[in-house]
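Here is entry.txt, consisting of compact mmCIF, C-alpha atoms:
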```txt
# COMPACT_ATOMS: atom_id res chain seq x y z
CA MET A 1 60.80 169.56 112.20
CA ALA A 2 60.00 173.13 112.87
CA ARG A 3 56.51 172.84 111.45
CA ASN A 4 55.36 170.37 114.09
CA SER A 5 56.71 172.26 117.03
CA ARG A 6 54.38 175.17 116.34
CA SER A 7 50.81 174.72 117.46
CA ILE A 8 48.25 174.71 114.65
CA PRO A 9 46.05 177.79 114.85
CA GLU A 10 42.45 177.02 115.63
CA VAL A 11 40.12 177.00 112.63
CA ASN A 12 37.56 179.69 112.93
CA ALA A 13 34.24 177.87 113.02
CA GLY A 14 32.07 180.85 113.71
CA SER A 15 30.66 180.92 110.22
CA MET A 16 29.97 177.18 110.15
CA ALA A 17 26.43 177.70 111.29
CA ASP A 18 25.86 180.14 108.46
CA ILE A 19 27.13 177.62 105.94
CA ALA A 20 24.90 174.96 107.48
CA PHE A 21 21.87 177.18 107.26
CA LEU A 22 22.74 178.10 103.70
CA LEU A 23 22.79 174.41 102.77
CA LEU A 24 19.59 173.82 104.68
CA VAL A 25 17.82 176.58 102.79
CA PHE A 26 19.24 175.27 99.53
CA PHE A 27 17.78 171.82 100.14
CA LEU A 28 14.51 173.25 101.32
CA VAL A 29 14.14 175.21 98.12
CA THR A 30 15.34 172.63 95.61
CA THR A 31 13.75 169.45 96.92
CA THR A 32 10.07 168.82 96.71
CA MET A 33 7.99 166.79 99.00
CA ASP A 34 6.10 163.90 97.56
CA ILE A 35 2.84 165.76 97.13
CA PRO A 36 0.14 163.46 95.84
CA THR A 37 -1.08 164.58 92.43
CA GLY A 38 -3.92 163.24 90.42
CA LEU A 39 -6.70 163.83 87.96
CA GLN A 40 -9.63 165.18 89.89
CA VAL A 41 -13.00 163.71 89.07
CA ALA A 42 -16.43 164.37 90.47
CA LEU A 43 -18.53 161.24 90.40
CA PRO A 44 -22.23 161.63 89.70
CA PRO A 45 -24.43 160.94 92.72
CA ILE A 46 -26.59 157.85 92.66
CA THR A 47 -30.20 158.48 91.88
CA ASN A 48 -32.96 155.94 91.74
CA GLU A 49 -34.78 157.83 89.05
CA PRO A 50 -33.98 156.80 85.52
CA PRO A 51 -31.87 159.38 83.70
CA PRO A 52 -33.99 162.02 81.99
CA GLU A 53 -34.70 161.40 78.36
CA SER A 54 -31.88 163.04 76.50
CA GLN A 55 -32.98 166.25 74.86
CA GLN A 56 -29.60 166.67 73.29
CA ARG A 57 -29.30 166.14 69.65
CA LYS A 58 -26.72 163.65 68.59
CA ARG A 59 -24.40 166.25 67.13
CA GLU A 60 -23.88 167.84 70.54
CA VAL A 61 -22.32 164.68 71.88
CA LEU A 62 -18.76 163.69 71.14
CA GLU A 63 -18.74 159.97 71.58
CA VAL A 64 -15.49 158.47 72.77
CA LEU A 65 -15.28 154.73 73.08
CA VAL A 66 -12.33 152.73 74.34
CA ASN A 67 -12.42 149.00 73.83
CA ALA A 68 -10.76 146.15 75.66
CA SER A 69 -7.73 146.28 73.35
CA ASP A 70 -7.21 149.96 74.27
CA GLN A 71 -8.34 151.16 70.86
CA LEU A 72 -10.13 154.43 70.50
CA LEU A 73 -13.31 155.08 68.55
CA VAL A 74 -14.37 158.70 68.29
CA GLU A 75 -17.68 159.46 66.56
CA GLN A 76 -17.69 155.97 64.99
CA LYS A 77 -14.22 156.49 63.56
CA TRP A 78 -11.02 154.82 64.68
CA MET A 79 -8.53 157.34 66.05
CA THR A 80 -5.15 157.46 67.72
CA ILE A 81 -4.82 159.09 71.11
CA ASP A 82 -2.62 161.95 69.91
CA LYS A 83 -5.46 163.30 67.75
CA LEU A 84 -8.09 163.10 70.49
CA ARG A 85 -7.17 166.41 72.11
CA GLN A 86 -7.51 168.41 68.88
CA LYS A 87 -10.75 166.62 68.00
CA THR A 88 -12.22 167.52 71.39
CA ILE A 89 -11.11 171.13 71.03
CA ASP A 90 -12.71 171.25 67.58
CA HIS A 91 -15.89 169.84 69.05
CA LEU A 92 -16.04 172.34 71.88
CA THR A 93 -15.20 175.39 69.78
CA ASN A 94 -17.20 174.40 66.73
CA GLU A 95 -20.12 176.81 67.27
CA GLY A 96 -22.16 175.22 64.48
CA LYS A 97 -19.61 175.42 61.69
CA ASP A 98 -19.11 171.71 61.14
CA PRO A 99 -22.49 169.96 60.88
CA THR A 100 -21.21 166.84 62.63
CA LEU A 101 -19.91 168.68 65.68
CA SER A 102 -21.60 170.75 68.37
CA THR A 103 -23.81 173.77 67.65
CA THR A 104 -22.68 175.77 70.64
CA SER A 105 -20.06 175.28 73.30
CA THR A 106 -22.55 175.54 76.14
CA LYS A 107 -24.39 172.47 74.92
CA ALA A 108 -21.39 170.40 73.91
CA ILE A 109 -21.03 167.11 75.71
CA VAL A 110 -18.22 164.62 75.72
CA SER A 111 -19.32 161.09 76.41
CA LEU A 112 -16.70 158.60 77.47
CA LYS A 113 -17.44 154.93 77.44
CA ASN A 114 -14.97 152.22 78.21
CA ASP A 115 -14.91 148.48 78.38
CA ARG A 116 -14.29 146.55 81.58
CA GLY A 117 -11.20 145.21 79.89
CA THR A 118 -9.73 148.63 79.08
CA SER A 119 -6.44 149.17 80.86
CA TYR A 120 -6.33 151.82 83.56
CA ASP A 121 -3.34 153.41 81.87
CA MET A 122 -5.28 153.95 78.64
CA TYR A 123 -8.29 155.26 80.52
CA VAL A 124 -6.19 157.80 82.39
CA GLN A 125 -4.55 158.88 79.13
CA VAL A 126 -7.91 159.40 77.43
CA TYR A 127 -9.28 161.21 80.46
CA ASN A 128 -6.16 163.33 80.52
CA GLU A 129 -6.58 164.32 76.87
CA LEU A 130 -10.21 165.28 77.41
CA THR A 131 -9.33 167.32 80.51
CA ALA A 132 -6.51 168.96 78.59
CA ALA A 133 -8.90 169.96 75.81
CA TYR A 134 -11.22 171.64 78.32
CA THR A 135 -8.29 173.39 79.94
CA ILE A 136 -7.07 174.69 76.59
CA VAL A 137 -10.41 176.07 75.40
CA ARG A 138 -11.09 177.65 78.77
CA ASN A 139 -7.65 179.22 78.79
CA GLU A 140 -8.11 180.58 75.28
CA TYR A 141 -11.47 182.07 76.08
CA SER A 142 -10.19 183.51 79.33
CA GLN A 143 -7.19 185.00 77.56
CA GLN A 144 -9.36 186.62 74.91
CA THR A 145 -11.94 187.96 77.30
CA PHE A 146 -10.01 188.86 80.42
CA GLY A 147 -6.45 188.91 79.16
CA LYS A 148 -5.11 186.22 81.43
CA PRO A 149 -5.26 182.42 81.58
CA TYR A 150 -8.07 180.64 83.39
CA ASN A 151 -6.07 179.49 86.39
CA LYS A 152 -4.86 183.07 86.99
CA LEU A 153 -8.39 184.43 87.25
CA ARG A 154 -9.18 185.59 90.77
CA GLN A 155 -12.67 187.06 90.51
CA LYS A 156 -15.49 184.60 90.93
CA ALA A 157 -17.64 186.30 88.31
CA GLN A 158 -14.94 185.86 85.70
CA ILE A 159 -14.37 182.22 86.61
CA ASP A 160 -18.10 181.56 86.41
CA GLU A 161 -18.26 183.31 83.07
CA VAL A 162 -15.62 180.99 81.61
CA LYS A 163 -17.27 177.97 83.22
CA LYS A 164 -20.60 179.00 81.74
CA LYS A 165 -19.10 179.37 78.29
CA TYR A 166 -17.33 176.01 78.43
CA PRO A 167 -19.11 173.86 81.00
CA LYS A 168 -17.30 170.63 81.67
CA LYS A 169 -19.90 168.15 80.58
CA LEU A 170 -17.91 164.99 80.56
CA SER A 171 -20.27 162.12 81.01
CA GLU A 172 -19.20 158.60 81.66
CA ALA A 173 -21.47 155.87 80.54
CA GLU A 174 -21.71 152.57 82.34
CA PRO A 175 -18.97 150.39 80.90
CA VAL A 176 -19.75 147.47 78.70
CA ASN A 177 -18.27 144.06 79.19
CA LYS A 178 -17.31 142.76 75.82
CA GLY A 179 -13.63 142.08 76.19
CA GLY A 180 -13.92 140.43 79.59
CA ASN A 181 -11.85 141.29 82.61
CA MET B 1 61.45 160.43 108.87
CA SER B 2 61.10 162.91 111.63
CA LYS B 3 57.67 163.87 110.46
CA PHE B 4 56.19 160.73 111.94
CA LYS B 5 58.36 160.51 115.02
CA ASN B 6 58.11 163.82 116.71
CA ASN B 7 54.44 164.36 117.24
CA LYS B 8 54.16 162.01 120.18
CA GLY B 9 53.75 163.92 123.37
CA LYS B 10 52.77 167.15 121.66
CA SER B 11 49.02 167.40 121.85
CA LEU B 12 47.16 168.63 118.80
CA PRO B 13 44.72 171.41 119.44
CA ALA B 14 41.16 170.10 119.77
CA ILE B 15 38.99 170.41 116.71
CA ASN B 16 36.26 172.89 117.28
CA THR B 17 33.00 170.98 117.24
CA SER B 18 30.67 173.77 118.15
CA ALA B 19 29.20 173.78 114.64
CA LEU B 20 28.48 170.09 114.70
CA PRO B 21 24.97 170.51 116.07
CA ASP B 22 24.18 172.82 113.20
CA ILE B 23 25.28 170.24 110.67
CA VAL B 24 23.33 167.51 112.40
CA PHE B 25 20.23 169.64 112.56
CA MET B 26 20.65 170.50 108.93
CA LEU B 27 20.74 166.84 108.00
CA LEU B 28 17.78 166.18 110.23
CA PHE B 29 15.72 168.88 108.60
CA PHE B 30 16.76 167.69 105.18
CA PHE B 31 15.58 164.17 105.81
CA MET B 32 12.42 165.37 107.47
CA VAL B 33 11.55 167.34 104.40
CA ALA B 34 12.77 165.11 101.62
CA THR B 35 11.54 161.76 102.80
CA LYS B 36 8.01 160.63 103.19
CA MET B 37 6.97 158.85 106.32
CA ARG B 38 6.05 155.29 105.57
CA ASP B 39 2.65 155.09 107.12
CA ARG B 40 1.43 151.85 105.61
CA GLU B 41 2.99 148.77 104.27
CA MET B 42 2.40 148.34 100.59
CA LYS B 43 1.13 144.95 99.63
CA VAL B 44 0.34 145.73 96.02
CA LYS B 45 2.47 147.18 93.29
CA THR B 46 1.27 150.57 92.08
CA LEU B 47 3.18 151.85 89.11
CA LEU B 48 1.27 155.03 88.44
CA PRO B 49 0.18 156.13 84.98
CA LYS B 50 1.40 159.47 83.69
CA ALA B 51 -0.76 162.45 82.93
CA THR B 52 -0.18 166.10 82.14
CA GLU B 53 -3.31 167.60 83.66
CA VAL B 54 -2.69 166.49 87.23
CA GLU B 55 -3.59 168.75 90.13
CA LYS B 56 -2.11 168.77 93.57
CA LEU B 57 -4.20 167.35 96.33
CA GLU B 58 -4.30 170.07 98.89
CA LYS B 59 -4.78 168.54 102.31
CA LYS B 60 -3.37 165.16 103.20
CA SER B 61 -5.76 164.87 106.12
CA ARG B 62 -8.68 165.00 103.74
CA LEU B 63 -7.71 161.94 101.77
CA HIS B 64 -8.79 158.34 101.74
CA TYR B 65 -6.44 155.99 100.01
CA ILE B 66 -7.38 152.99 97.95
CA PHE B 67 -4.63 150.96 96.33
CA VAL B 68 -5.19 148.60 93.45
CA GLY B 69 -2.58 146.50 91.78
CA PRO B 70 -1.00 143.11 91.43
CA PRO B 71 0.32 141.80 94.79
CA LEU B 72 4.02 142.32 95.47
CA GLN B 73 4.39 138.79 96.80
CA SER B 74 3.15 137.19 93.63
CA ASP B 75 4.40 133.74 94.70
CA ILE B 76 1.91 133.71 97.56
CA TYR B 77 -0.95 135.87 96.35
CA GLY B 78 -0.79 135.42 92.58
CA THR B 79 -0.84 138.16 90.01
CA THR B 80 -4.51 139.06 89.85
CA PRO B 81 -4.94 142.72 90.85
CA ARG B 82 -6.12 143.14 94.43
CA ILE B 83 -7.46 146.04 96.44
CA GLN B 84 -5.55 147.22 99.49
CA LEU B 85 -7.17 149.29 102.23
CA ASP B 86 -4.81 150.40 104.98
CA ASP B 87 -2.50 147.43 105.50
CA LYS B 88 -4.83 144.70 104.41
CA PHE B 89 -6.08 143.12 101.26
CA ALA B 90 -9.74 143.81 100.74
CA THR B 91 -12.52 143.15 98.32
CA VAL B 92 -14.79 145.58 96.55
CA ASP B 93 -17.49 144.94 99.17
CA ASP B 94 -15.24 146.25 101.96
CA ILE B 95 -14.91 149.71 100.44
CA GLN B 96 -18.26 151.04 101.64
CA ASP B 97 -17.54 150.03 105.23
CA TYR B 98 -14.02 151.38 105.03
CA ILE B 99 -15.07 154.81 103.76
CA THR B 100 -17.91 155.02 106.27
CA LEU B 101 -15.56 154.09 109.11
CA LYS B 102 -12.92 156.59 108.04
CA ASN B 103 -15.51 159.31 107.63
CA SER B 104 -16.86 158.67 111.11
CA GLU B 105 -13.41 159.44 112.53
CA LYS B 106 -13.44 162.84 110.87
CA ASP B 107 -15.19 166.02 111.77
CA GLU B 108 -18.63 166.03 110.25
CA LYS B 109 -17.95 169.31 108.53
CA GLU B 110 -15.00 167.84 106.72
CA VAL B 111 -16.79 164.83 105.27
CA PRO B 112 -18.07 166.54 102.10
CA TYR B 113 -14.51 167.59 101.29
CA MET B 114 -12.99 164.16 101.66
CA THR B 115 -11.30 163.06 98.47
CA THR B 116 -10.57 159.47 97.62
CA SER B 117 -7.12 159.02 96.19
CA LEU B 118 -7.20 156.00 93.96
CA LYS B 119 -3.72 154.65 93.45
CA ALA B 120 -3.95 152.02 90.82
CA ASP B 121 -1.34 150.24 88.80
CA LYS B 122 -1.10 150.99 85.09
CA THR B 123 -1.88 147.43 84.14
CA VAL B 124 -5.10 147.16 86.12
CA LYS B 125 -8.21 146.71 84.02
CA MET B 126 -11.08 149.16 84.22
CA GLY B 127 -13.52 146.54 85.47
CA ILE B 128 -12.22 146.66 89.02
CA ILE B 129 -11.89 150.47 88.88
CA THR B 130 -15.49 150.77 87.75
CA ASP B 131 -16.63 148.58 90.64
CA ILE B 132 -14.73 150.81 93.07
CA LYS B 133 -16.26 153.93 91.53
CA GLN B 134 -19.70 152.41 91.92
CA GLU B 135 -19.04 151.60 95.59
CA LEU B 136 -17.82 155.14 96.20
CA ARG B 137 -20.98 156.53 94.67
CA GLU B 138 -23.01 154.30 96.99
CA VAL B 139 -21.44 155.91 100.07
CA ASN B 140 -21.63 159.37 98.53
CA ALA B 141 -17.86 159.78 98.39
CA LEU B 142 -18.04 161.63 95.13
CA LYS B 143 -14.66 163.33 95.02
CA LEU B 144 -12.20 161.03 93.39
CA SER B 145 -8.66 161.51 92.23
CA TYR B 146 -6.95 159.19 89.81
CA THR B 147 -3.47 159.43 91.22
CA ALA B 148 -1.02 159.92 88.39
CA SER B 149 2.48 161.20 88.20
CA LYS B 150 3.18 164.40 86.36
CA ASP B 151 4.18 163.71 82.78
CA ILE B 152 7.18 165.88 82.04
CA GLY B 153 7.42 164.50 78.54
CA ASP B 154 10.54 162.39 78.85
CA ASP B 155 9.18 159.41 77.01
```

Starting from the coordinates I provided, produce the structure as structure tokens.
Amino acid sequence: MARNSRSIPEVNAGSMADIAFLLLVFFLVTTTMDIPTGLQVALPPITNEPPPESQQRKREVLEVLVNASDQLLVEQKWMTIDKLRQKTIDHLTNEGKDPTLSTTSTKAIVSLKNDRGTSYDMYVQVYNELTAAYTIVRNEYSQQTFGKPYNKLRQKAQIDEVKKKYPKKLSEAEPVNKGGN
Amino acid sequence: MSKFKNNKGKSLPAINTSALPDIVFMLLFFFMVATKMRDREMKVKTLLPKATEVEKLEKKSRLHYIFVGPPLQSDIYGTTPRIQLDDKFATVDDIQDYITLKNSEKDEKEVPYMTTSLKADKTVKMGIITDIKQELREVNALKLSYTASKDIGDD
């Protein structure tokens, strides 16, 4: 047939490289590398001295206990994990209003105590809620004072100011062993 | 049909392959970026817990890894959670030596910035985690990260 007797014109491949680079850039932008993420914790250094006698009154401390069955006890009351964040925020921003919660945010402490039988998943969830509460109150304060959220602050003085207002006093007590391993 | 008969003898024009290197390089780059190099063989299962407040760990060179979880080969090693350091099973007592050894390979200036990335399975109990934390405090490796995947609220 007449079609086959003609030679097929060569496909112009000059722009192939451009297409390839376009795809490359597309993948570079849309895919993410497996960047390790995690909850950052600073462990307290070991000291041989016994801990100083607590000068804090009991109302400054928000006691959070997690038992071996992953149940939560906050200030001697049973609580579900979805209410923990709000409770912590209330505690941190109380400023003396509620007589059972902290007098001032700079003194407020959150004490977390778990059992050796607590599951790691539950512990991370609780820790996450407490961290979230700190993040929220710091953001709110930062927004009110400097007009932008805490993680957008660039001046060290401003960051320190927020940190001073809401210091992250999250203490972890030595775990008890009631539920076994 | 003449369509299939006549093309013997007539050579087709060669396909232009000058763009092939570009495509191959593109694929190469894609895989380089998207895949993670497998640098150690996992012996324990680590299904990470989810959290919303996770932060990125900045420098991979400044990380120690500790894995905790039930062994993958449960028919040989049982189901009790074990600690894995590098490619080997370890006990809690090995952690101090491991961290000290790893730190000694680093620049002295970097040591205070070393973070320990604790990759533990969801089901692991806190007892073993607490022991690890205590060991880390003993060797003054105070920066710890509970590795968790970002919770995007799908469940």

Exercise. For chain B, report every residue with an atom at most 7 Å from chain A (counting all atoms listed in the file), formatted as a ChimeraX atom specification.
Key: /B:2-3,7,13,16,19,22-23,26,30,33-34,36,49,51-57,122-127,137-138,140,142-149

Expected file: the selected residues, C-alpha atoms, as a tab-separated table (two decimals), in the coordinates of the input:
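Result went into selection.tsv, see below:
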```tsv
chain	number	residue	atom	x	y	z
B	2	SER	CA	61.10	162.91	111.63
B	3	LYS	CA	57.67	163.87	110.46
B	7	ASN	CA	54.44	164.36	117.24
B	13	PRO	CA	44.72	171.41	119.44
B	16	ASN	CA	36.26	172.89	117.28
B	19	ALA	CA	29.20	173.78	114.64
B	22	ASP	CA	24.18	172.82	113.20
B	23	ILE	CA	25.28	170.24	110.67
B	26	MET	CA	20.65	170.50	108.93
B	30	PHE	CA	16.76	167.69	105.18
B	33	VAL	CA	11.55	167.34	104.40
B	34	ALA	CA	12.77	165.11	101.62
B	36	LYS	CA	8.01	160.63	103.19
B	49	PRO	CA	0.18	156.13	84.98
B	51	ALA	CA	-0.76	162.45	82.93
B	52	THR	CA	-0.18	166.10	82.14
B	53	GLU	CA	-3.31	167.60	83.66
B	54	VAL	CA	-2.69	166.49	87.23
B	55	GLU	CA	-3.59	168.75	90.13
B	56	LYS	CA	-2.11	168.77	93.57
B	57	LEU	CA	-4.20	167.35	96.33
B	122	LYS	CA	-1.10	150.99	85.09
B	123	THR	CA	-1.88	147.43	84.14
B	124	VAL	CA	-5.10	147.16	86.12
B	125	LYS	CA	-8.21	146.71	84.02
B	126	MET	CA	-11.08	149.16	84.22
B	127	GLY	CA	-13.52	146.54	85.47
B	137	ARG	CA	-20.98	156.53	94.67
B	138	GLU	CA	-23.01	154.30	96.99
B	140	ASN	CA	-21.63	159.37	98.53
B	142	LEU	CA	-18.04	161.63	95.13
B	143	LYS	CA	-14.66	163.33	95.02
B	144	LEU	CA	-12.20	161.03	93.39
B	145	SER	CA	-8.66	161.51	92.23
B	146	TYR	CA	-6.95	159.19	89.81
B	147	THR	CA	-3.47	159.43	91.22
B	148	ALA	CA	-1.02	159.92	88.39
B	149	SER	CA	2.48	161.20	88.20
```

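Taking atom CA of B:Lys106 and atom CA of B:Lys43 as the two end points, the separation is 25.7 Å.
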
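With only C-alpha atoms taken into account, the protein and nucleic acid residues at most 10 Å from B:Thr80 (excluding it and anything under 3 positions from it in its own chain) are B:Gly69, B:Pro70, B:Pro71, B:Ser74, B:Tyr77, B:Val124.
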
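Atom to atom, atom CA of A:Lys165 and atom CA of A:Asp98 stand 18.8 Å apart.
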
Quiz item: atom CA of B:Leu118 and atom CA of B:Ile132, how far apart in Å?
Solution: 9.2 Å

Quiz item: Which residue, B:Leu101, B:Leu28, B:Ile76, B:Leu47, has the smallest gap to B:His64 when you use all atoms listed in the file?
Solution: B:Leu101

Practice problem: Please provide as a ChimeraX atom specification all residues within 6 Å of A:Glu172, with the sequence filter that same-chain residues fewer than 3 positions apart are discarded (counting all atoms listed in the file). | Solution: /A:111-113

Exercise. Can you work out which one of B:Arg40, B:Asn103, B:Leu48, B:Leu72 has the shortest atom-to-atom distance to B:Leu85, counting only C-alpha atoms?
Key: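 Among B:Arg40, B:Asn103, B:Leu48, B:Leu72, it is B:Arg40 that comes nearest to B:Leu85.
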
Which neighbours of A:Lys107 fall inside 12 Å, counting all atoms listed in the file, when residues of the same chain fewer than 3 positions from it are skipped, and could you give them as a PDB file with C-alpha atoms, in the frame of the given file?
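Final output, out.pdb:
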```pdb
ATOM      1  CA  GLN A  55     -32.980 166.250  74.860  1.00  0.00           C
ATOM      2  CA  GLN A  56     -29.600 166.670  73.290  1.00  0.00           C
ATOM      3  CA  ARG A  57     -29.300 166.140  69.650  1.00  0.00           C
ATOM      4  CA  LYS A  58     -26.720 163.650  68.590  1.00  0.00           C
ATOM      5  CA  ARG A  59     -24.400 166.250  67.130  1.00  0.00           C
ATOM      6  CA  GLU A  60     -23.880 167.840  70.540  1.00  0.00           C
ATOM      7  CA  VAL A  61     -22.320 164.680  71.880  1.00  0.00           C
ATOM      8  CA  LEU A  62     -18.760 163.690  71.140  1.00  0.00           C
ATOM      9  CA  HIS A  91     -15.890 169.840  69.050  1.00  0.00           C
ATOM     10  CA  LEU A  92     -16.040 172.340  71.880  1.00  0.00           C
ATOM     11  CA  THR A  93     -15.200 175.390  69.780  1.00  0.00           C
ATOM     12  CA  ASN A  94     -17.200 174.400  66.730  1.00  0.00           C
ATOM     13  CA  GLU A  95     -20.120 176.810  67.270  1.00  0.00           C
ATOM     14  CA  GLY A  96     -22.160 175.220  64.480  1.00  0.00           C
ATOM     15  CA  LEU A 101     -19.910 168.680  65.680  1.00  0.00           C
ATOM     16  CA  SER A 102     -21.600 170.750  68.370  1.00  0.00           C
ATOM     17  CA  THR A 103     -23.810 173.770  67.650  1.00  0.00           C
ATOM     18  CA  THR A 104     -22.680 175.770  70.640  1.00  0.00           C
ATOM     19  CA  VAL A 110     -18.220 164.620  75.720  1.00  0.00           C
ATOM     20  CA  LYS A 164     -20.600 179.000  81.740  1.00  0.00           C
ATOM     21  CA  LYS A 165     -19.100 179.370  78.290  1.00  0.00           C
ATOM     22  CA  TYR A 166     -17.330 176.010  78.430  1.00  0.00           C
ATOM     23  CA  PRO A 167     -19.110 173.860  81.000  1.00  0.00           C
ATOM     24  CA  LYS A 168     -17.300 170.630  81.670  1.00  0.00           C
ATOM     25  CA  LYS A 169     -19.900 168.150  80.580  1.00  0.00           C
ATOM     26  CA  LEU A 170     -17.910 164.990  80.560  1.00  0.00           C
TER      27      LEU A 170
END
```

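Closest to A:Ala173 among A:Gly147, A:Asp160, A:Ala108, A:Glu63 is A:Glu63, based on all atoms listed in the file.
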
Quiz item: Taking all atoms listed in the file into account, which of B:Met42, B:Leu20, B:Ile15, B:Ile83 comes nearest B:Ala120?
Solution: B:Ile83

Go ahead and fit an axis-aligned box to every listed atom of stretch 51-62 of chain B plus 8 Å each side, and pass me the centre and edge lengths in Å, one decimal, as JSON.
```
{"center_x": -4.4, "center_y": 166.3, "center_z": 94.1, "size_x": 24.5, "size_y": 23.6, "size_z": 40.0}
```

Quiz prompt | Closest of A:Asn151, A:Val137, A:Gln71, A:Ser105 to A:Arg85 - atom-to-atom distances counting all atoms listed in the file | solution =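 When distances to A:Arg85 are compared using all atoms listed in the file, the smallest one comes from A:Val137.
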